[in-house]
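Working notes, structure below.
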Amino acid sequence: MASKVYFMNLRSSSKNTNISTKIRKLFDKAGMGEVLHQGDHTAVKLHFGEKGNNAFIHPIFVRQVVDKIKENGGQPFLTDTNTLYSGSRTNSVDHLTTAIENGFAYAVVGAPIIIADGLFSKNSIDVPVNQKNFKHVKIAGDIHNANAMIVLSHFKGHEMAGFGGTIKNLAMGCASAAGKQIQHSDAKPEIIDKHCIGCSICAKWCPVDSISIQSGKTTIDLEKCIGCGECTTVCHKRAIKVQWKTSTDVFLEKMAEYALGAVNNKKGKVAYMNFVMNVTPLCDCVPWSDTPIVRDIGILASLDPVAIDRASFDLVNNQHGNHDSNLTCNHEPGKDKFRGLHEGTNAAYILEYGEKIGLGSNRYELISID
C-alpha cells in the first residue's frame, strides 16, 4: 500500500494563502496532530544552521508548526545535536548561541531549545536495532526520551549521501557525536601529536581502556580499540583526528539504521515535513549557502520518512537544473541532479535500504493541497 505524502506549492495571492497559513493547513491535512497526545513533550527536530549559512528552514515557518503542536496538546521544544566537526555548533553553548543568532529565539519560535545530547554530547542512549551494520545505535538522550517528535527537514544536496532530507535528519541529526563518527567511518582514530597535551580526558572516556598516556602524549592500542568515537568527541584540543572515510553504500546503510533507531520507541508518534526550497548543493552544516540547483518547489508532509524523501527526491529530479549553480550536468528533467552534483554518490540507495529494514516505503501517493 502506498504511503500518503501531502504537497503544497509556494504560490500565494492573499493573506489566506501565504506560506505560514499553508504550513498550518498542511499540518492538519497530513494528520500530523494525530501523533500527539495531551501533554506530550514533543521534540521538533530541525537544523539550526551553521553560522554563515542562510538556507536553513526559516524560523517563522517553524513557529507555525510549534503553534500547531500546542493546539494539539503537545509541549514542543526545538532540538538538534552537537556536531562532530569543528564549527559553531560543536558544544551546547556555541550551538545555542548560533541557533539564537540565526533567529530561533523563543520570542520568534515560541518554544525553548534543548540540545538533545548535552554540553559535550555525552547524553546518549544505546538503542537496539539489530541490523546489518549495527546491533545498537547511539541516540541523543533527550530525543529518545521525548514522547513524540515532529521532524522538519531542509531538502538539499550532500557531498557523501547525495542528498540530505528526513532520513539524514533522523540519522546524523539524532545521533550523539560518537554515533556520527561511527556512521562516517570504520577507521580507528589517530592522534595529532602537536595538539595533544596529555590531559588524559580521552583515556577516562574510553569504554575498553585502549588509551594511555606515555611520555606526556596519548597512545591508542588499536588492537583493543573498537572505533566507538568517544575519544574524538571529548578532546577539547581536537588532538584526535576525526575519521570520515567509508564506502558510500555502507555509509548510507548506516544512516538508515540510525534513522530506524531514532524512531524505534515512537511508533505512531512521529510526523515529517520536508522543505524543498533553497535546494543547495551542500548541507546546512557548511558556513555558507550556494546557489540552489533547481527552483523552489514546495513543502511536503507525511507519516512515512522514506516516502517523503522519495517524493522530494523525485520532485527535484523532475525539474530543469539551474545552469547558474554548481550543478554541472544532468540539467534535463528526469536526470539525477544529486549524482550530477556529487559524482559517485548513489543517493537512492538509502531509500531502497530504508525500505528493506522497515523504516518506510518507497511507494507513495502524492496529494496536492491548495
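Within each chain, counting starts at residue 1; across the C-alpha cells, chains are named A, B, ... in the order shown, with ligands numbered 1 upward in that order.
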
- Message: Give me the residues near region 282-299 of chain A as an MDAnalysis selection string, where near means some atom within 8 Å (using only C-alpha atoms) and where sequence neighbours in that chain fewer than 5 positions away do not count.
- Response: chainID A and resid 7:10 23 47 49:56 156:159 164 273:277 315:316 319:327 337

With N, CA and C atoms retained, could you export that selection as an mmCIF file, in the first residue's frame?
data_model
loop_
_atom_site.group_PDB
_atom_site.id
_atom_site.type_symbol
_atom_site.label_atom_id
_atom_site.label_comp_id
_atom_site.auth_asym_id
_atom_site.auth_seq_id
_atom_site.Cartn_x
_atom_site.Cartn_y
_atom_site.Cartn_z
ATOM 1 N N PHE A 7 1.448 17.531 -0.374
ATOM 2 C CA PHE A 7 2.320 18.516 -1.018
ATOM 3 C C PHE A 7 1.599 19.852 -1.160
ATOM 4 N N MET A 8 2.290 20.936 -0.836
ATOM 5 C CA MET A 8 1.786 22.283 -1.095
ATOM 6 C C MET A 8 2.824 23.057 -1.878
ATOM 7 N N ASN A 9 2.368 23.764 -2.904
ATOM 8 C CA ASN A 9 3.288 24.615 -3.654
ATOM 9 C C ASN A 9 3.493 25.924 -2.918
ATOM 10 N N LEU A 10 4.289 26.804 -3.487
ATOM 11 C CA LEU A 10 4.654 28.049 -2.804
ATOM 12 C C LEU A 10 3.950 29.267 -3.390
ATOM 13 N N ILE A 23 1.339 26.197 5.680
ATOM 14 C CA ILE A 23 2.025 25.217 6.524
ATOM 15 C C ILE A 23 1.077 24.672 7.583
ATOM 16 N N HIS A 47 17.426 21.590 11.961
ATOM 17 C CA HIS A 47 18.833 22.008 11.858
ATOM 18 C C HIS A 47 18.830 23.523 11.991
ATOM 19 N N GLY A 49 21.255 25.551 11.460
ATOM 20 C CA GLY A 49 22.143 26.203 10.508
ATOM 21 C C GLY A 49 23.470 26.573 11.122
ATOM 22 N N GLU A 50 24.540 26.297 10.405
ATOM 23 C CA GLU A 50 25.867 26.731 10.837
ATOM 24 C C GLU A 50 25.956 28.245 10.693
ATOM 25 N N LYS A 51 26.777 28.872 11.531
ATOM 26 C CA LYS A 51 26.961 30.322 11.431
ATOM 27 C C LYS A 51 27.504 30.661 10.041
ATOM 28 N N GLY A 52 26.831 31.576 9.341
ATOM 29 C CA GLY A 52 27.217 31.940 7.977
ATOM 30 C C GLY A 52 26.331 31.297 6.923
ATOM 31 N N ASN A 53 25.577 30.268 7.323
ATOM 32 C CA ASN A 53 24.631 29.617 6.415
ATOM 33 C C ASN A 53 23.287 30.337 6.508
ATOM 34 N N ASN A 54 22.551 30.419 5.405
ATOM 35 C CA ASN A 54 21.255 31.089 5.439
ATOM 36 C C ASN A 54 20.139 30.303 4.744
ATOM 37 N N ALA A 55 20.400 29.024 4.405
ATOM 38 C CA ALA A 55 19.412 28.238 3.666
ATOM 39 C C ALA A 55 18.554 27.353 4.574
ATOM 40 N N PHE A 56 18.830 27.332 5.870
ATOM 41 C CA PHE A 56 18.061 26.526 6.805
ATOM 42 C C PHE A 56 16.593 26.979 6.827
ATOM 43 N N LYS A 156 18.133 19.099 0.497
ATOM 44 C CA LYS A 156 19.227 19.728 -0.253
ATOM 45 C C LYS A 156 20.265 18.668 -0.608
ATOM 46 N N GLY A 157 21.361 19.068 -1.234
ATOM 47 C CA GLY A 157 22.428 18.151 -1.585
ATOM 48 C C GLY A 157 23.312 17.824 -0.396
ATOM 49 N N HIS A 158 24.124 16.762 -0.580
ATOM 50 C CA HIS A 158 25.086 16.369 0.453
ATOM 51 C C HIS A 158 26.241 15.644 -0.212
ATOM 52 N N GLU A 159 27.462 15.992 0.178
ATOM 53 C CA GLU A 159 28.652 15.504 -0.508
ATOM 54 C C GLU A 159 28.804 13.993 -0.464
ATOM 55 N N GLY A 164 20.352 15.297 1.404
ATOM 56 C CA GLY A 164 20.001 15.252 2.815
ATOM 57 C C GLY A 164 18.556 15.661 2.984
ATOM 58 N N MET A 273 8.022 16.777 7.891
ATOM 59 C CA MET A 273 7.873 17.789 6.850
ATOM 60 C C MET A 273 9.206 17.986 6.152
ATOM 61 N N ASN A 274 9.192 18.036 4.824
ATOM 62 C CA ASN A 274 10.370 18.386 4.038
ATOM 63 C C ASN A 274 10.138 19.719 3.343
ATOM 64 N N PHE A 275 11.080 20.628 3.509
ATOM 65 C CA PHE A 275 11.033 21.933 2.856
ATOM 66 C C PHE A 275 11.929 21.857 1.624
ATOM 67 N N VAL A 276 11.310 21.694 0.452
ATOM 68 C CA VAL A 276 12.068 21.546 -0.795
ATOM 69 C C VAL A 276 12.192 22.921 -1.433
ATOM 70 N N MET A 277 12.994 23.726 -0.822
ATOM 71 C CA MET A 277 13.252 25.107 -1.235
ATOM 72 C C MET A 277 14.700 25.420 -0.869
ATOM 73 N N LEU A 315 10.674 14.874 -7.045
ATOM 74 C CA LEU A 315 10.279 16.227 -7.427
ATOM 75 C C LEU A 315 11.483 17.055 -7.880
ATOM 76 N N VAL A 316 12.594 16.938 -7.152
ATOM 77 C CA VAL A 316 13.808 17.669 -7.544
ATOM 78 C C VAL A 316 14.315 17.175 -8.897
ATOM 79 N N GLN A 319 12.780 18.450 -12.182
ATOM 80 C CA GLN A 319 12.924 19.863 -12.528
ATOM 81 C C GLN A 319 14.015 20.073 -13.579
ATOM 82 N N HIS A 320 13.976 21.252 -14.204
ATOM 83 C CA HIS A 320 15.107 21.722 -15.000
ATOM 84 C C HIS A 320 16.204 22.181 -14.035
ATOM 85 N N GLY A 321 17.408 21.723 -14.237
ATOM 86 C CA GLY A 321 18.517 22.140 -13.389
ATOM 87 C C GLY A 321 18.933 23.573 -13.653
ATOM 88 N N ASN A 322 19.453 24.225 -12.634
ATOM 89 C CA ASN A 322 19.907 25.614 -12.731
ATOM 90 C C ASN A 322 21.335 25.644 -13.288
ATOM 91 N N HIS A 323 21.469 26.164 -14.510
ATOM 92 C CA HIS A 323 22.790 26.223 -15.151
ATOM 93 C C HIS A 323 23.726 27.209 -14.454
ATOM 94 N N ASP A 324 23.172 28.104 -13.667
ATOM 95 C CA ASP A 324 23.999 29.083 -12.954
ATOM 96 C C ASP A 324 24.357 28.618 -11.550
ATOM 97 N N SER A 325 24.213 27.320 -11.305
ATOM 98 C CA SER A 325 24.540 26.753 -9.999
ATOM 99 C C SER A 325 25.732 25.815 -10.127
ATOM 100 N N ASN A 326 26.036 25.124 -9.046
ATOM 101 C CA ASN A 326 27.146 24.177 -9.024
ATOM 102 C C ASN A 326 26.809 22.861 -9.728
ATOM 103 N N LEU A 327 25.604 22.737 -10.226
ATOM 104 C CA LEU A 327 25.183 21.556 -10.980
ATOM 105 C C LEU A 327 25.778 21.639 -12.382
ATOM 106 N N LYS A 337 19.805 14.795 -10.336
ATOM 107 C CA LYS A 337 20.511 16.054 -10.031
ATOM 108 C C LYS A 337 21.598 15.845 -8.983
#

- Find the spatial neighbours of region 338-341 of chain A, counting only C-alpha atoms, within a cut-off of 6 Å - ignore same-chain residues fewer than 5 positions away - and output them as a count of residues only. 4

Write out as JSON lines the residues of region 192-296 of chain A that have any atom within 10 Å of an atom of region 301-308 of chain A, one row each with the nearest atom pair and its distance in Å to one decimal, counting only C-alpha atoms, sorted by chain and then rising number.
{"residue": "A:Ala256", "atom": "CA", "partner": "A:Val306", "partner_atom": "CA", "distance": 9.5}
{"residue": "A:Ala259", "atom": "CA", "partner": "A:Pro305", "partner_atom": "CA", "distance": 9.1}
{"residue": "A:Leu260", "atom": "CA", "partner": "A:Pro305", "partner_atom": "CA", "distance": 9.8}
{"residue": "A:Gly268", "atom": "CA", "partner": "A:Leu303", "partner_atom": "CA", "distance": 8.2}
{"residue": "A:Lys269", "atom": "CA", "partner": "A:Leu303", "partner_atom": "CA", "distance": 9.0}
{"residue": "A:Val270", "atom": "CA", "partner": "A:Leu303", "partner_atom": "CA", "distance": 6.7}
{"residue": "A:Ala271", "atom": "CA", "partner": "A:Leu303", "partner_atom": "CA", "distance": 4.7}
{"residue": "A:Tyr272", "atom": "CA", "partner": "A:Ser302", "partner_atom": "CA", "distance": 5.4}
{"residue": "A:Met273", "atom": "CA", "partner": "A:Ala301", "partner_atom": "CA", "distance": 4.3}
{"residue": "A:Asn274", "atom": "CA", "partner": "A:Ala301", "partner_atom": "CA", "distance": 6.5}
{"residue": "A:Phe275", "atom": "CA", "partner": "A:Ala301", "partner_atom": "CA", "distance": 9.0}

Go ahead and save the picked residues with C-alpha atoms, as a short mmCIF file (atom, residue, chain, number, x, y, z; two decimals), in the first residue's frame.
data_model
loop_
_atom_site.label_atom_id
_atom_site.label_comp_id
_atom_site.auth_asym_id
_atom_site.auth_seq_id
_atom_site.Cartn_x
_atom_site.Cartn_y
_atom_site.Cartn_z
CA ALA A 256 19.25 4.27 7.52
CA ALA A 259 17.27 6.66 11.48
CA LEU A 260 15.47 3.47 12.47
CA GLY A 268 2.81 6.20 15.63
CA LYS A 269 4.33 9.22 17.39
CA VAL A 270 6.44 10.82 14.63
CA ALA A 271 5.50 13.04 11.68
CA TYR A 272 7.64 14.65 9.00
CA MET A 273 7.87 17.79 6.85
CA ASN A 274 10.37 18.39 4.04
CA PHE A 275 11.03 21.93 2.86
#

- Task: Skip region 67-81 of chain A itself and residues of its chain fewer than 2 positions away, then list as a ChimeraX atom specification all residues within 6 Å of it, counting only C-alpha atoms.
- Result: /A:33,38-45,64-65,111-117,173

Would you write out those residues with C-alpha atoms, as an mmCIF file, in the first residue's frame?
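Saved file out-v9.cif follows:
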data_model
loop_
_atom_site.group_PDB
_atom_site.id
_atom_site.type_symbol
_atom_site.label_atom_id
_atom_site.label_comp_id
_atom_site.auth_asym_id
_atom_site.auth_seq_id
_atom_site.Cartn_x
_atom_site.Cartn_y
_atom_site.Cartn_z
ATOM 1 C CA GLY A 33 -1.590 16.319 15.011
ATOM 2 C CA GLN A 38 -2.274 15.825 25.604
ATOM 3 C CA GLY A 39 0.882 16.814 27.456
ATOM 4 C CA ASP A 40 3.315 15.054 25.096
ATOM 5 C CA HIS A 41 6.820 16.508 25.357
ATOM 6 C CA THR A 42 7.364 16.902 21.619
ATOM 7 C CA ALA A 43 10.801 17.209 20.035
ATOM 8 C CA VAL A 44 10.777 19.468 16.986
ATOM 9 C CA LYS A 45 13.857 18.083 15.256
ATOM 10 C CA GLN A 64 3.668 27.672 12.587
ATOM 11 C CA VAL A 65 4.487 24.062 13.436
ATOM 12 C CA ALA A 111 9.397 27.184 22.111
ATOM 13 C CA PRO A 112 12.567 26.574 24.133
ATOM 14 C CA ILE A 113 15.677 24.995 22.635
ATOM 15 C CA ILE A 114 17.208 21.846 24.118
ATOM 16 C CA ILE A 115 20.428 20.468 22.642
ATOM 17 C CA ALA A 116 19.489 16.821 22.933
ATOM 18 C CA ASP A 117 22.905 15.232 23.516
ATOM 19 C CA GLY A 173 20.768 14.705 13.492
#

- Task: For CA of Phe61 (chain A) and CA of Ser20 (chain A), determine how far apart the two atoms are, in Å to one decimal place.
- Result: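 So the answer is 6.0 Å.
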
- Query: If you run DSSP on the backbone, which residues of region 114-301 of chain A are alpha helix (DSSP H), as a ChimeraX atom specification?
  - Reply: /A:141-144,166-171,177-184,201-205,230-234,248-263

- Run DSSP on the backbone and grab whatever in region 10-89 of chain A lands in strand (DSSP E or B); send it over as a ChimeraX atom specification. /A:41-45,75-80

- May I have the residues within 12 Å of Cys199 (chain A) as JSON, numbers by chain, using only C-alpha atoms and disregarding those fewer than 3 positions away in the same chain? {"A": [195, 196, 202, 203, 204, 211, 212, 213, 214, 215, 216, 217, 218, 219, 234, 235, 236, 237, 239]}

- Query: Given the choices A:Asp336, A:Asp314, A:Glu253, A:Glu101, which gets closest to Glu352 (chain A) if the distance is worked out from only C-alpha atoms?
  - Reply: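 Answer, going by the shortest atom-to-atom distance: A:Glu253.
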
- Using only C-alpha atoms, which residue out of A:Leu119, A:Val151, A:Ile350, A:Cys206 lies closest to Glu257 (chain A)?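 Ranked by minimum distance to Glu257 (chain A), first place goes to A:Ile350.
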